[in-house]
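Colleague: Structure file start18.txt (compact mmCIF, C-alpha atoms (C1' of nucleotides)) is given on the next line.
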```
# COMPACT_ATOMS: atom_id res chain seq x y z
CA MET A 1061 -9.96 -7.28 21.98
CA SER A 1062 -7.21 -9.10 20.06
CA ASP A 1063 -8.09 -9.49 16.43
CA GLY A 1064 -10.74 -7.00 15.67
CA ASP A 1065 -11.89 -7.98 12.19
CA GLU A 1066 -12.76 -11.65 12.49
CA GLY A 1067 -16.41 -10.87 13.07
CA ALA A 1068 -18.18 -11.70 16.31
CA GLY A 1069 -16.40 -14.98 17.15
CA GLN A 1070 -14.13 -15.45 20.12
CA SER A 1071 -10.68 -15.56 18.58
CA ALA A 1072 -10.51 -16.16 14.87
CA PRO A 1073 -10.52 -19.95 14.70
CA SER A 1074 -9.69 -20.01 11.02
CA ARG A 1075 -6.16 -18.62 11.34
CA ARG A 1076 -3.04 -20.36 12.46
CA LYS A 1077 -1.92 -19.65 16.00
CA ASP A 1078 1.42 -18.04 15.10
CA ALA A 1079 -0.32 -15.82 12.59
CA ARG A 1080 -2.63 -14.45 15.24
CA ARG A 1081 0.23 -13.92 17.66
CA ASN A 1082 2.22 -12.09 15.00
CA LYS A 1083 -0.69 -9.81 14.27
CA GLU A 1084 -0.83 -8.82 17.93
CA THR A 1085 2.93 -8.32 18.09
CA LEU A 1086 2.73 -6.17 14.98
CA LEU A 1087 -0.03 -4.00 16.39
CA GLY A 1088 1.97 -3.46 19.55
CA ALA A 1089 5.17 -2.68 17.71
CA ALA A 1090 3.39 -0.31 15.35
CA ALA A 1091 1.74 1.54 18.20
CA ALA A 1092 5.09 1.91 19.94
CA VAL A 1093 6.88 3.10 16.83
CA PHE A 1094 4.07 5.52 16.00
CA VAL A 1095 4.47 7.08 19.42
CA THR A 1096 8.20 7.57 19.14
CA SER A 1097 8.70 8.20 15.43
CA GLY A 1098 5.31 9.42 14.28
CA VAL A 1099 2.65 7.83 12.15
CA ASP A 1100 4.73 8.04 8.99
CA ALA A 1101 7.52 5.89 10.35
CA PRO A 1102 8.90 3.53 7.70
CA VAL A 1103 7.21 0.14 7.49
CA ARG A 1104 10.67 -1.39 7.81
CA ASP A 1105 11.10 0.16 11.24
CA ILE A 1106 7.89 -1.42 12.44
CA ALA A 1107 8.88 -4.79 11.03
CA ALA A 1108 12.23 -4.53 12.80
CA LYS A 1109 10.65 -3.50 16.09
CA ALA A 1110 8.32 -6.47 15.87
CA GLY A 1111 11.16 -8.79 14.87
CA VAL A 1112 9.22 -9.76 11.78
CA GLY A 1113 9.75 -9.75 8.03
CA LEU A 1114 8.21 -7.26 5.64
CA GLY A 1115 6.11 -9.96 4.04
CA THR A 1116 4.46 -10.65 7.36
CA ILE A 1117 3.37 -7.07 7.75
CA TYR A 1118 1.89 -6.93 4.30
CA ARG A 1119 0.07 -10.22 4.71
CA HIS A 1120 -1.71 -8.98 7.79
CA PHE A 1121 -2.15 -5.39 6.67
CA PRO A 1122 -2.32 -5.05 2.88
CA THR A 1123 -1.17 -1.46 3.09
CA ARG A 1124 0.40 0.97 5.50
CA ALA A 1125 -2.93 2.66 5.94
CA ASP A 1126 -4.58 -0.57 7.04
CA LEU A 1127 -2.00 -0.91 9.79
CA ILE A 1128 -2.67 2.63 10.93
CA ILE A 1129 -6.40 1.98 10.96
CA ALA A 1130 -5.92 -1.15 13.02
CA VAL A 1131 -3.77 0.69 15.55
CA TYR A 1132 -6.20 3.55 16.05
CA ARG A 1133 -9.50 1.80 15.50
CA HIS A 1134 -10.26 1.59 19.22
CA GLN A 1135 -9.67 5.26 19.76
CA VAL A 1136 -11.67 6.33 16.74
CA ASP A 1137 -14.53 4.18 17.90
CA ALA A 1138 -14.27 5.65 21.39
CA CYS A 1139 -14.48 9.13 19.95
CA ALA A 1140 -17.48 8.19 17.86
CA ASP A 1141 -19.22 6.68 20.86
CA ALA A 1142 -18.57 9.77 22.94
CA GLY A 1143 -20.73 11.88 20.65
CA PRO A 1144 -24.19 10.73 21.73
CA ALA A 1145 -22.99 10.55 25.33
CA LEU A 1146 -21.91 14.17 25.28
CA LEU A 1147 -25.14 15.21 23.66
CA ALA A 1148 -27.07 13.55 26.48
CA THR A 1149 -25.03 15.00 29.32
CA SER A 1150 -24.09 18.49 28.13
CA ALA A 1151 -25.99 21.64 28.95
CA SER A 1152 -26.51 22.50 25.29
CA ALA A 1153 -26.01 20.93 21.91
CA HIS A 1154 -23.47 23.58 21.14
CA ALA A 1155 -21.48 22.68 24.24
CA ALA A 1156 -21.62 19.02 23.28
CA LEU A 1157 -20.37 19.82 19.81
CA GLY A 1158 -17.52 21.87 21.21
CA ARG A 1159 -16.47 19.17 23.61
CA TRP A 1160 -16.68 16.48 20.98
CA ILE A 1161 -14.53 18.46 18.57
CA ASP A 1162 -12.05 18.93 21.39
CA LEU A 1163 -11.88 15.19 21.79
CA PHE A 1164 -11.25 14.74 18.10
CA VAL A 1165 -8.61 17.43 18.02
CA ASP A 1166 -6.84 16.01 21.04
CA PHE A 1167 -6.76 12.66 19.35
CA LEU A 1168 -5.32 14.01 16.12
CA VAL A 1169 -2.85 16.37 17.72
CA THR A 1170 -1.56 13.68 20.05
CA LYS A 1171 -0.73 11.33 17.17
CA HIS A 1172 2.37 12.73 15.55
CA GLY A 1173 1.60 13.11 11.84
CA LEU A 1174 -1.78 11.42 11.82
CA ALA A 1175 -3.59 14.45 10.46
CA ALA A 1176 -1.26 14.60 7.49
CA VAL A 1177 -1.90 10.99 6.62
CA LEU A 1178 -5.63 11.65 6.67
CA GLN A 1179 -5.39 13.72 3.53
CA ALA A 1180 -7.52 12.29 0.76
CA ASP A 1181 -4.91 12.86 -1.92
CA ASN A 1182 -2.32 10.73 -0.15
CA ALA A 1183 -2.22 7.73 -2.45
CA GLY A 1184 -2.92 4.49 -0.64
CA SER A 1185 -4.58 6.08 2.36
CA GLU A 1186 -8.11 5.98 1.02
CA ALA A 1187 -8.99 3.20 3.43
CA LEU A 1188 -7.81 5.22 6.40
CA HIS A 1189 -9.60 8.30 5.22
CA ALA A 1190 -12.76 6.31 4.62
CA TYR A 1191 -12.68 4.67 8.04
CA PHE A 1192 -12.34 7.92 9.91
CA LEU A 1193 -15.08 9.49 7.88
CA ASP A 1194 -17.50 6.60 8.03
CA ARG A 1195 -17.14 6.45 11.76
CA LEU A 1196 -17.06 10.12 12.70
CA VAL A 1197 -19.05 12.05 10.12
CA PRO A 1198 -22.42 10.63 11.19
CA VAL A 1199 -21.70 11.54 14.81
CA CYS A 1200 -20.66 15.02 13.83
CA ALA A 1201 -23.77 15.36 11.70
CA GLU A 1202 -25.93 14.41 14.66
CA LEU A 1203 -24.31 17.01 16.88
CA LEU A 1204 -24.54 19.67 14.19
CA GLU A 1205 -28.18 18.89 13.60
CA ALA A 1206 -28.97 19.17 17.29
CA ALA A 1207 -27.15 22.48 17.58
CA ALA A 1208 -28.83 23.73 14.43
CA VAL A 1209 -32.38 22.99 15.58
CA ALA A 1210 -31.51 24.72 18.85
CA GLY A 1211 -30.55 27.74 16.76
CA GLU A 1212 -27.08 27.79 18.25
CA ILE A 1213 -25.20 27.55 14.95
CA ARG A 1214 -25.75 28.31 11.29
CA PRO A 1215 -28.05 25.72 9.76
CA ASP A 1216 -26.05 25.13 6.59
CA VAL A 1217 -22.89 23.51 7.90
CA ASP A 1218 -21.94 20.17 6.37
CA ALA A 1219 -20.53 17.57 8.76
CA TYR A 1220 -18.09 16.14 6.27
CA GLU A 1221 -16.74 19.53 5.43
CA LEU A 1222 -16.36 20.47 9.07
CA MET A 1223 -14.52 17.26 9.90
CA ARG A 1224 -12.15 17.82 7.01
CA GLY A 1225 -11.63 21.41 8.05
CA VAL A 1226 -10.87 20.49 11.62
CA GLY A 1227 -8.59 17.68 10.49
CA ASN A 1228 -6.78 20.03 8.17
CA LEU A 1229 -6.28 22.55 10.94
CA CYS A 1230 -4.47 19.87 12.91
CA PHE A 1231 -1.76 19.30 10.31
CA GLY A 1232 1.67 19.85 11.74
CA ALA A 1233 0.23 20.87 15.09
CA ASP A 1234 3.09 19.17 16.81
CA SER A 1235 6.48 20.03 15.31
CA ASP A 1236 5.56 23.72 15.27
CA PRO A 1237 5.45 25.48 18.62
CA ARG A 1238 4.21 28.68 17.01
CA TYR A 1239 1.07 27.01 15.73
CA ASP A 1240 -1.71 26.04 18.09
CA ALA A 1241 -4.24 23.93 16.24
CA ARG A 1242 -6.62 24.01 19.17
CA ARG A 1243 -6.90 27.76 19.03
CA MET A 1244 -7.59 27.72 15.31
CA VAL A 1245 -10.23 25.05 15.70
CA GLU A 1246 -11.79 27.13 18.42
CA LEU A 1247 -12.00 30.05 16.01
CA LEU A 1248 -13.54 27.83 13.36
CA ILE A 1249 -16.16 26.59 15.80
CA ALA A 1250 -16.81 30.14 16.93
CA GLY A 1251 -17.42 30.97 13.28
CA LEU A 1252 -20.22 28.44 13.26
CA ARG A 1253 -22.47 30.71 15.27
CA PRO A 1254 -25.30 32.38 13.36
CA HIS A 1255 -24.65 35.78 11.81
CA ARG A 1256 -25.66 38.36 14.29
CA MET B 729 11.06 39.43 -15.11
CA SER B 730 13.45 36.72 -16.23
CA ASP B 731 15.94 35.75 -13.57
CA GLY B 732 14.56 36.99 -10.32
CA ASP B 733 17.38 36.37 -7.87
CA GLU B 734 20.35 38.06 -9.43
CA GLY B 735 19.75 41.18 -7.36
CA ALA B 736 18.98 44.48 -9.00
CA GLY B 737 21.01 44.06 -12.23
CA GLN B 738 19.46 43.80 -15.67
CA SER B 739 20.05 40.26 -16.84
CA ALA B 740 22.67 38.34 -14.87
CA PRO B 741 25.76 39.06 -16.95
CA SER B 742 27.88 36.62 -15.02
CA ARG B 743 26.19 33.49 -16.36
CA ARG B 744 26.67 31.83 -19.65
CA LYS B 745 24.00 32.50 -22.25
CA ASP B 746 22.80 28.90 -22.54
CA ALA B 747 22.51 28.66 -18.77
CA ARG B 748 20.20 31.63 -18.65
CA ARG B 749 18.11 30.28 -21.49
CA ASN B 750 17.83 26.93 -19.76
CA LYS B 751 16.66 28.55 -16.55
CA GLU B 752 13.87 30.29 -18.43
CA THR B 753 12.92 27.09 -20.25
CA LEU B 754 12.86 25.27 -16.96
CA LEU B 755 10.62 27.83 -15.29
CA GLY B 756 8.22 27.64 -18.20
CA ALA B 757 8.21 23.86 -18.24
CA ALA B 758 7.76 23.68 -14.49
CA ALA B 759 4.86 26.12 -14.56
CA ALA B 760 3.21 24.09 -17.31
CA VAL B 761 3.72 20.76 -15.56
CA PHE B 762 2.49 22.19 -12.25
CA VAL B 763 -0.72 23.25 -13.95
CA THR B 764 -1.42 19.88 -15.48
CA SER B 765 0.05 17.46 -12.94
CA GLY B 766 0.07 19.47 -9.74
CA VAL B 767 2.86 20.99 -7.72
CA ASP B 768 4.16 17.60 -6.61
CA ALA B 769 4.88 16.41 -10.11
CA PRO B 770 8.13 14.42 -10.29
CA VAL B 771 11.25 16.44 -11.02
CA ARG B 772 11.93 14.05 -13.89
CA ASP B 773 8.70 15.07 -15.59
CA ILE B 774 9.74 18.68 -15.50
CA ALA B 775 13.19 17.85 -16.84
CA ALA B 776 11.62 15.86 -19.65
CA LYS B 777 9.14 18.62 -20.49
CA ALA B 778 12.00 21.10 -20.66
CA GLY B 779 14.14 18.71 -22.69
CA VAL B 780 16.86 18.99 -20.10
CA GLY B 781 18.85 16.66 -17.85
CA LEU B 782 18.28 16.27 -14.14
CA GLY B 783 21.63 17.82 -13.34
CA THR B 784 20.56 21.00 -15.08
CA ILE B 785 17.50 21.36 -12.90
CA TYR B 786 19.46 20.85 -9.72
CA ARG B 787 22.18 23.26 -10.75
CA HIS B 788 19.66 26.05 -11.25
CA PHE B 789 17.36 25.10 -8.39
CA PRO B 790 19.17 23.27 -5.59
CA THR B 791 15.97 21.64 -4.47
CA ARG B 792 12.43 21.00 -5.67
CA ALA B 793 11.19 23.65 -3.29
CA ASP B 794 13.44 26.27 -4.84
CA LEU B 795 11.91 25.57 -8.21
CA ILE B 796 8.44 25.93 -6.78
CA ILE B 797 9.40 29.20 -5.15
CA ALA B 798 10.80 30.51 -8.40
CA VAL B 799 7.65 29.59 -10.29
CA TYR B 800 5.29 31.26 -7.83
CA ARG B 801 7.43 34.13 -6.59
CA HIS B 802 5.63 36.69 -8.76
CA GLN B 803 2.24 35.66 -7.52
CA VAL B 804 3.24 35.58 -3.88
CA ASP B 805 4.71 39.03 -4.23
CA ALA B 806 1.57 40.26 -5.92
CA CYS B 807 -0.50 38.94 -3.05
CA ALA B 808 1.77 40.59 -0.53
CA ASP B 809 1.58 43.89 -2.37
CA ALA B 810 -2.19 43.73 -2.52
CA GLY B 811 -2.44 43.93 1.27
CA PRO B 812 -1.68 47.61 1.83
CA ALA B 813 -3.63 48.47 -1.31
CA LEU B 814 -6.73 46.75 -0.01
CA LEU B 815 -6.34 48.41 3.36
CA ALA B 816 -6.26 51.79 1.65
CA THR B 817 -9.26 51.23 -0.60
CA SER B 818 -11.61 49.09 1.48
CA ALA B 819 -14.45 50.40 3.58
CA SER B 820 -13.12 48.79 6.73
CA ALA B 821 -10.03 46.97 7.92
CA HIS B 822 -12.12 43.89 8.42
CA ALA B 823 -13.28 44.02 4.84
CA ALA B 824 -9.69 44.46 3.67
CA LEU B 825 -8.62 41.46 5.70
CA GLY B 826 -11.41 39.34 4.29
CA ARG B 827 -10.58 40.28 0.73
CA TRP B 828 -6.90 39.70 1.23
CA ILE B 829 -7.48 36.27 2.69
CA ASP B 830 -9.72 35.52 -0.30
CA LEU B 831 -6.82 36.42 -2.56
CA PHE B 832 -4.52 34.11 -0.67
CA VAL B 833 -7.01 31.27 -0.67
CA ASP B 834 -7.69 31.65 -4.37
CA PHE B 835 -3.99 31.45 -5.01
CA LEU B 836 -3.53 28.30 -2.93
CA VAL B 837 -6.64 26.54 -4.12
CA THR B 838 -5.81 27.22 -7.74
CA LYS B 839 -2.40 25.59 -7.48
CA HIS B 840 -3.03 21.87 -7.34
CA GLY B 841 -1.24 20.57 -4.26
CA LEU B 842 0.59 23.74 -3.28
CA ALA B 843 -0.98 23.92 0.15
CA ALA B 844 0.27 20.43 0.98
CA VAL B 845 3.81 21.32 0.04
CA LEU B 846 3.66 24.33 2.32
CA GLN B 847 3.64 22.07 5.36
CA ALA B 848 6.57 22.74 7.61
CA ASP B 849 7.25 19.09 8.27
CA ASN B 850 7.78 18.30 4.59
CA ALA B 851 11.51 17.71 4.55
CA GLY B 852 13.29 19.93 2.08
CA SER B 853 10.53 22.48 1.75
CA GLU B 854 11.76 24.76 4.49
CA ALA B 855 12.82 27.33 1.92
CA LEU B 856 9.37 27.37 0.36
CA HIS B 857 7.69 27.61 3.70
CA ALA B 858 10.02 30.38 4.77
CA TYR B 859 9.48 32.39 1.62
CA PHE B 860 5.74 32.33 1.85
CA LEU B 861 5.86 33.25 5.49
CA ASP B 862 8.45 36.00 5.21
CA ARG B 863 6.48 37.60 2.45
CA LEU B 864 2.93 37.21 3.68
CA VAL B 865 2.94 37.14 7.45
CA PRO B 866 3.94 40.79 7.84
CA VAL B 867 1.14 41.83 5.51
CA CYS B 868 -1.35 39.71 7.39
CA ALA B 869 -0.11 41.15 10.66
CA GLU B 870 -0.68 44.65 9.37
CA LEU B 871 -4.23 43.86 8.34
CA LEU B 872 -4.96 42.12 11.62
CA GLU B 873 -3.57 45.02 13.58
CA ALA B 874 -5.70 47.49 11.69
CA ALA B 875 -8.83 45.41 12.22
CA ALA B 876 -7.98 44.94 15.87
CA VAL B 877 -7.58 48.63 16.62
CA ALA B 878 -10.89 49.19 14.86
CA GLY B 879 -12.39 46.71 17.29
CA GLU B 880 -13.61 44.54 14.45
CA ILE B 881 -11.83 41.36 15.52
CA ARG B 882 -10.42 39.79 18.65
CA PRO B 883 -7.17 41.48 19.58
CA ASP B 884 -5.20 38.32 20.32
CA VAL B 885 -4.92 36.70 16.91
CA ASP B 886 -1.44 35.86 15.70
CA ALA B 887 -0.73 36.47 12.01
CA TYR B 888 1.54 33.47 11.63
CA GLU B 889 -0.98 31.20 13.20
CA LEU B 890 -3.78 32.53 11.05
CA MET B 891 -1.78 32.10 7.86
CA ARG B 892 -0.95 28.53 8.78
CA GLY B 893 -4.55 27.86 9.66
CA VAL B 894 -5.82 29.24 6.39
CA GLY B 895 -3.12 27.38 4.48
CA ASN B 896 -4.04 24.19 6.25
CA LEU B 897 -7.70 24.63 5.41
CA CYS B 898 -6.75 24.72 1.74
CA PHE B 899 -5.17 21.26 1.71
CA GLY B 900 -6.79 19.02 -0.80
CA ALA B 901 -9.30 21.69 -1.72
CA ASP B 902 -9.18 20.55 -5.31
CA SER B 903 -9.43 16.76 -5.71
CA ASP B 904 -12.38 16.72 -3.31
CA PRO B 905 -15.63 18.12 -4.60
CA ARG B 906 -17.31 17.68 -1.24
CA TYR B 907 -14.85 20.00 0.49
CA ASP B 908 -15.01 23.72 -0.07
CA ALA B 909 -11.96 25.34 1.48
CA ARG B 910 -13.34 28.81 0.85
CA ARG B 911 -16.36 28.14 3.00
CA MET B 912 -14.22 26.82 5.85
CA VAL B 913 -11.91 29.80 5.65
CA GLU B 914 -14.94 32.03 5.73
CA LEU B 915 -16.04 30.36 8.95
CA LEU B 916 -12.58 30.77 10.42
CA ILE B 917 -12.56 34.45 9.58
CA ALA B 918 -16.04 34.81 10.99
CA GLY B 919 -14.70 33.27 14.19
CA LEU B 920 -12.25 36.15 14.41
CA ARG B 921 -14.97 38.55 15.46
CA PRO B 922 -14.99 39.58 19.10
CA HIS B 923 -17.07 37.52 21.50
CA ARG B 924 -20.43 39.12 21.77
C1' DT C 182 4.00 -40.39 16.41
C1' DG C 183 5.17 -39.38 11.72
C1' DC C 184 4.32 -36.94 7.58
C1' DA C 185 2.62 -34.27 3.74
C1' DA C 186 -0.24 -30.34 2.43
C1' DA C 187 -1.47 -25.83 3.79
C1' DA C 188 -0.42 -21.57 5.85
C1' DA C 189 3.00 -18.19 7.18
C1' DC C 190 7.36 -16.38 7.16
C1' DG C 191 11.51 -13.50 5.82
C1' DG C 192 13.70 -10.60 3.11
C1' DA C 193 15.60 -9.87 -1.53
C1' DA C 194 13.91 -7.40 -5.43
C1' DC C 195 11.17 -3.86 -7.76
C1' DC C 196 9.43 0.65 -8.60
C1' DA C 197 9.09 5.63 -7.89
C1' DC C 198 11.31 9.79 -6.09
C1' DG C 199 14.59 13.28 -4.70
C1' DT C 200 19.24 14.18 -4.96
C1' DT C 201 24.34 13.64 -6.01
C1' DC C 202 28.27 12.89 -8.97
C1' DC C 203 31.14 12.89 -12.73
C1' DG C 204 32.56 12.24 -17.50
C1' DT C 205 31.45 14.92 -21.60
C1' DA C 206 30.01 18.83 -24.42
C1' DT C 207 29.70 23.78 -25.11
C1' DC C 208 30.93 28.56 -24.58
C1' DG C 209 33.73 32.47 -24.90
C1' DT C 210 38.04 34.26 -24.68
C1' DT C 211 42.84 34.51 -26.29
C1' DA D 268 42.21 27.15 -33.48
C1' DA D 269 42.87 26.04 -28.83
C1' DC D 270 42.12 25.95 -24.09
C1' DG D 271 40.08 26.58 -19.59
C1' DA D 272 35.84 27.58 -17.34
C1' DT D 273 31.12 26.61 -17.28
C1' DA D 274 27.11 23.71 -18.11
C1' DC D 275 25.10 19.64 -19.39
C1' DG D 276 23.02 14.82 -19.22
C1' DG D 277 21.91 11.00 -17.03
C1' DA D 278 23.67 6.99 -14.43
C1' DA D 279 23.80 5.92 -9.67
C1' DC D 280 22.55 6.34 -4.76
C1' DG D 281 19.45 6.45 -0.59
C1' DT D 282 14.88 5.95 1.05
C1' DG D 283 10.31 4.32 1.20
C1' DG D 284 6.18 1.38 -0.14
C1' DT D 285 4.97 -2.95 -2.08
C1' DT D 286 5.48 -7.57 -4.38
C1' DC D 287 7.26 -12.20 -4.97
C1' DC D 288 8.94 -16.53 -3.98
C1' DG D 289 11.83 -20.05 -1.84
C1' DT D 290 11.89 -21.74 2.94
C1' DT D 291 10.03 -22.82 7.50
C1' DT D 292 6.35 -23.86 10.71
C1' DT D 293 1.88 -25.54 11.87
C1' DT D 294 -1.78 -28.61 11.58
C1' DG D 295 -4.83 -32.37 10.09
C1' DC D 296 -4.68 -37.04 9.32
C1' DA D 297 -3.05 -41.77 9.30
```
For this file, write the structure as structure tokens.
Modeller:
Amino acid sequence: MSDGDEGAGQSAPSRRKDARRNKETLLGAAAAVFVTSGVDAPVRDIAAKAGVGLGTIYRHFPTRADLIIAVYRHQVDACADAGPALLATSASAHAALGRWIDLFVDFLVTKHGLAAVLQADNAGSEALHAYFLDRLVPVCAELLEAAAVAGEIRPDVDAYELMRGVGNLCFGADSDPRYDARRMVELLIAGLRPHR
Amino acid sequence: MSDGDEGAGQSAPSRRKDARRNKETLLGAAAAVFVTSGVDAPVRDIAAKAGVGLGTIYRHFPTRADLIIAVYRHQVDACADAGPALLATSASAHAALGRWIDLFVDFLVTKHGLAAVLQADNAGSEALHAYFLDRLVPVCAELLEAAAVAGEIRPDVDAYELMRGVGNLCFGADSDPRYDARRMVELLIAGLRPHR
DNA sequence: TGCAAAAACGGAACCACGTTCCGTATCGTT
DNA sequence: AACGATACGGAACGTGGTTCCGTTTTTGCA
């Protein structure tokens, strides 16, 4: 664990020791603040929590979105990895798809405000958007393909589009007790089935 | 037309003439700016386009959201009114529902960025959110009810939830050629059908 | 061990936005 | 024409992301 973008090496030999320590501190503080104040907490709050200056944050994470990516990278990767596993262990491709989407939805819904930040038109969050997509769309495509060849869903569903749709459905899922994103996603997935 | 919130009277006799003229100018300018720059165009741009000071905008429309409401009130009302009409003229309640949702989606997708502003958690847009919901949810509920009694959809679908879901699916529908909100909404509506 | 260059740090400063405030201009009535 | 009520314009404020730069800390080398 620790750094996460210094390639395959053991612990980023090229950086100064305090810099590495600060990066860890920052990740921890950000994660904590995200939990309590949501993903769109002010950068200043995170700096304060970490006992660090603003400059330090921006040196390690060029943009807010990069910090968010760093915080959630592990979980996104875990979700991506779960795809093939589910496909191998589930009774049907359709079941695997459903379970995988559930995983994704749980992830998004749990992170206060994450879904909103995923929007493509949010300036500065292209990196975040891109990371999620790069990592998850291929997995989704694989599951869709499997379900499609099994004849369990319509054959013309695009993985990117579905991911965006599901992500969109998760907007504001917390902060509104009358809206249950999971139910809506369930309807969307139900709509995937072939026309009778 | 013209004022729109002065109750039933003819043309708001209580206001000064220049004030009324400015309100019209502002509505026109806002509509124009929304078309070219999207619904989240800066208030200053609208003031500039109207050749008016910021104070003037905020006197007529206490908040950005109020201005947006004023600009789109006619169209929201038209959509609301179309509900019963469609129910009366369509072959089935399900067909009426589908067509009405299409109307709603067209409206949202056409207005650059409107769907995003509809989010409940956008501070200051409660009024906008509330107006849309007050006006459209009852209509949607009526259509859902009709389709449900006809056995054409699941009986346990909540109108509010469905409207939010559809609204959510429309986020960023422009500005992303790879995402077709209409198709996703179609899937969602398809998912409404009873389990086989 | 001492020291200078390199690497990081902190946080003031900047920009963009929504919104508020208040001195000034205009209206409409007497 | 004059005066009070009504509106106006835009400077100023609060908040949030991001940049910049003078200062501090670390590290490689003598």
Colleague: Quick one: distance from atom CA of B:Phe762 to atom CA of B:Val845 in Å, one decimal?
Modeller: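 Rounded to one decimal, the two atoms are 12.4 Å apart.
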Colleague: Starting from chain C, keep only residues with some atom at most 12 Å from an atom of chain A, counting all atoms listed in the file, and report them as a VMD selection string.
Modeller: chain C and resid 187 to 193
Colleague: What are the centre and edge lengths in Å, to one decimal, of the axis-aligned box around all listed atoms of stretch 278-297 of chain D with 8 Å added on each side, as lines of an AutoDock Vina configuration file?
Modeller:
```
center_x = 9.5
center_y = -17.4
center_z = -1.3
size_x = 44.6
size_y = 64.8
size_z = 42.3
```
Colleague: As a list in words, could you give me every residue of chain D near chain A (at most 9 Å apart, counting only C-alpha atoms (C1' of nucleotides))?
Modeller: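 Filtering chain D at 9 Å from chain A with only C-alpha atoms (C1' of nucleotides) gives DG283, DG284, DT285, DT286, DT292, DT293 and DT294 of chain D.
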Colleague: Can you spit out the residues from that selection as a compact mmCIF listing (two decimals), in the coordinates of the input, using C-alpha atoms (C1' of nucleotides)?
Modeller:
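As a result, out.txt now contains:
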```
# COMPACT_ATOMS: atom_id res chain seq x y z
C1' DG D 283 10.31 4.32 1.20
C1' DG D 284 6.18 1.38 -0.14
C1' DT D 285 4.97 -2.95 -2.08
C1' DT D 286 5.48 -7.57 -4.38
C1' DT D 292 6.35 -23.86 10.71
C1' DT D 293 1.88 -25.54 11.87
C1' DT D 294 -1.78 -28.61 11.58
```
Colleague: Using all atoms listed in the file, which of A:Leu1147, A:Lys1171, A:Ala1125, A:Arg1242 sits nearest A:Ala1092?
Modeller: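 Looking only at the distances to A:Ala1092, the closest residue turns out to be A:Lys1171.
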Colleague: As a PyMOL selection string, could you give me every residue of chain A near chain B (at most 10 Å apart, counting all atoms listed in the file)?
Modeller: chain A and resi 1173+1176+1179-1182+1217-1218+1220-1236+1238-1241+1243-1256
Colleague: Please, which residues are within 8 Å of (-18.7, 14.5, 14.0) by the file's coordinates, counting all atoms listed in the file, and could they come as a VMD selection string?
Modeller: chain A and resid 1140 1143 1160 to 1161 1196 to 1204 1219 to 1220 1223
Colleague: Identify which of the residues D:DG276, D:DG281, D:DG271, D:DG295 lies closest to C:DG199, counting all atoms listed in the file when measuring atom-to-atom distances.
Modeller: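 Closest candidate: D:DG281.
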Colleague: If you measure from atom CA of A:Glu1205 to atom CA of A:Leu1146, what distance in Å do you get, rounded to one decimal?
Modeller: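 That distance, rounded to one decimal, is 14.1 Å.
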Colleague: Could you state the separation of atom CA of B:Ala819 and atom CA of B:Arg882 in Å, given to one decimal place?
Modeller: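 Going from atom CA of B:Ala819 over to atom CA of B:Arg882, I get 18.9 Å.
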Colleague: Return the single residue from A:Ala1206, A:Ile1213, A:Val1169, A:Ala1183 that is closest to A:Pro1144, with distances computed using only C-alpha atoms.
Modeller: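 Looking at the shortest contact to A:Pro1144, the residue is A:Ala1206.
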Colleague: Mind dumping stretch 1200-1206 of chain A from that block, keeping N, CA, C and O atoms, as a PDB file, in the first residue's frame?
Modeller:
```
ATOM      1  N   CYS A1200     -17.754  -4.005 -16.861  1.00  0.00           N
ATOM      2  CA  CYS A1200     -19.186  -3.986 -17.152  1.00  0.00           C
ATOM      3  C   CYS A1200     -19.445  -4.559 -18.540  1.00  0.00           C
ATOM      4  O   CYS A1200     -20.379  -5.343 -18.736  1.00  0.00           O
ATOM      5  N   ALA A1201     -18.601  -4.182 -19.482  1.00  0.00           N
ATOM      6  CA  ALA A1201     -18.769  -4.665 -20.847  1.00  0.00           C
ATOM      7  C   ALA A1201     -18.678  -6.184 -20.889  1.00  0.00           C
ATOM      8  O   ALA A1201     -19.453  -6.855 -21.587  1.00  0.00           O
ATOM      9  N   GLU A1202     -17.750  -6.716 -20.113  1.00  0.00           N
ATOM     10  CA  GLU A1202     -17.564  -8.169 -20.087  1.00  0.00           C
ATOM     11  C   GLU A1202     -18.829  -8.854 -19.556  1.00  0.00           C
ATOM     12  O   GLU A1202     -19.314  -9.838 -20.128  1.00  0.00           O
ATOM     13  N   LEU A1203     -19.357  -8.314 -18.476  1.00  0.00           N
ATOM     14  CA  LEU A1203     -20.562  -8.896 -17.887  1.00  0.00           C
ATOM     15  C   LEU A1203     -21.747  -8.778 -18.847  1.00  0.00           C
ATOM     16  O   LEU A1203     -22.540  -9.716 -19.001  1.00  0.00           O
ATOM     17  N   LEU A1204     -21.872  -7.629 -19.476  1.00  0.00           N
ATOM     18  CA  LEU A1204     -22.969  -7.424 -20.420  1.00  0.00           C
ATOM     19  C   LEU A1204     -22.861  -8.414 -21.573  1.00  0.00           C
ATOM     20  O   LEU A1204     -23.863  -9.019 -21.990  1.00  0.00           O
ATOM     21  N   GLU A1205     -21.652  -8.552 -22.070  1.00  0.00           N
ATOM     22  CA  GLU A1205     -21.428  -9.457 -23.195  1.00  0.00           C
ATOM     23  C   GLU A1205     -21.852 -10.882 -22.832  1.00  0.00           C
ATOM     24  O   GLU A1205     -22.574 -11.543 -23.581  1.00  0.00           O
ATOM     25  N   ALA A1206     -21.407 -11.305 -21.650  1.00  0.00           N
ATOM     26  CA  ALA A1206     -21.744 -12.660 -21.203  1.00  0.00           C
ATOM     27  C   ALA A1206     -23.255 -12.842 -21.093  1.00  0.00           C
ATOM     28  O   ALA A1206     -23.816 -13.861 -21.533  1.00  0.00           O
TER      29      ALA A1206
END
```
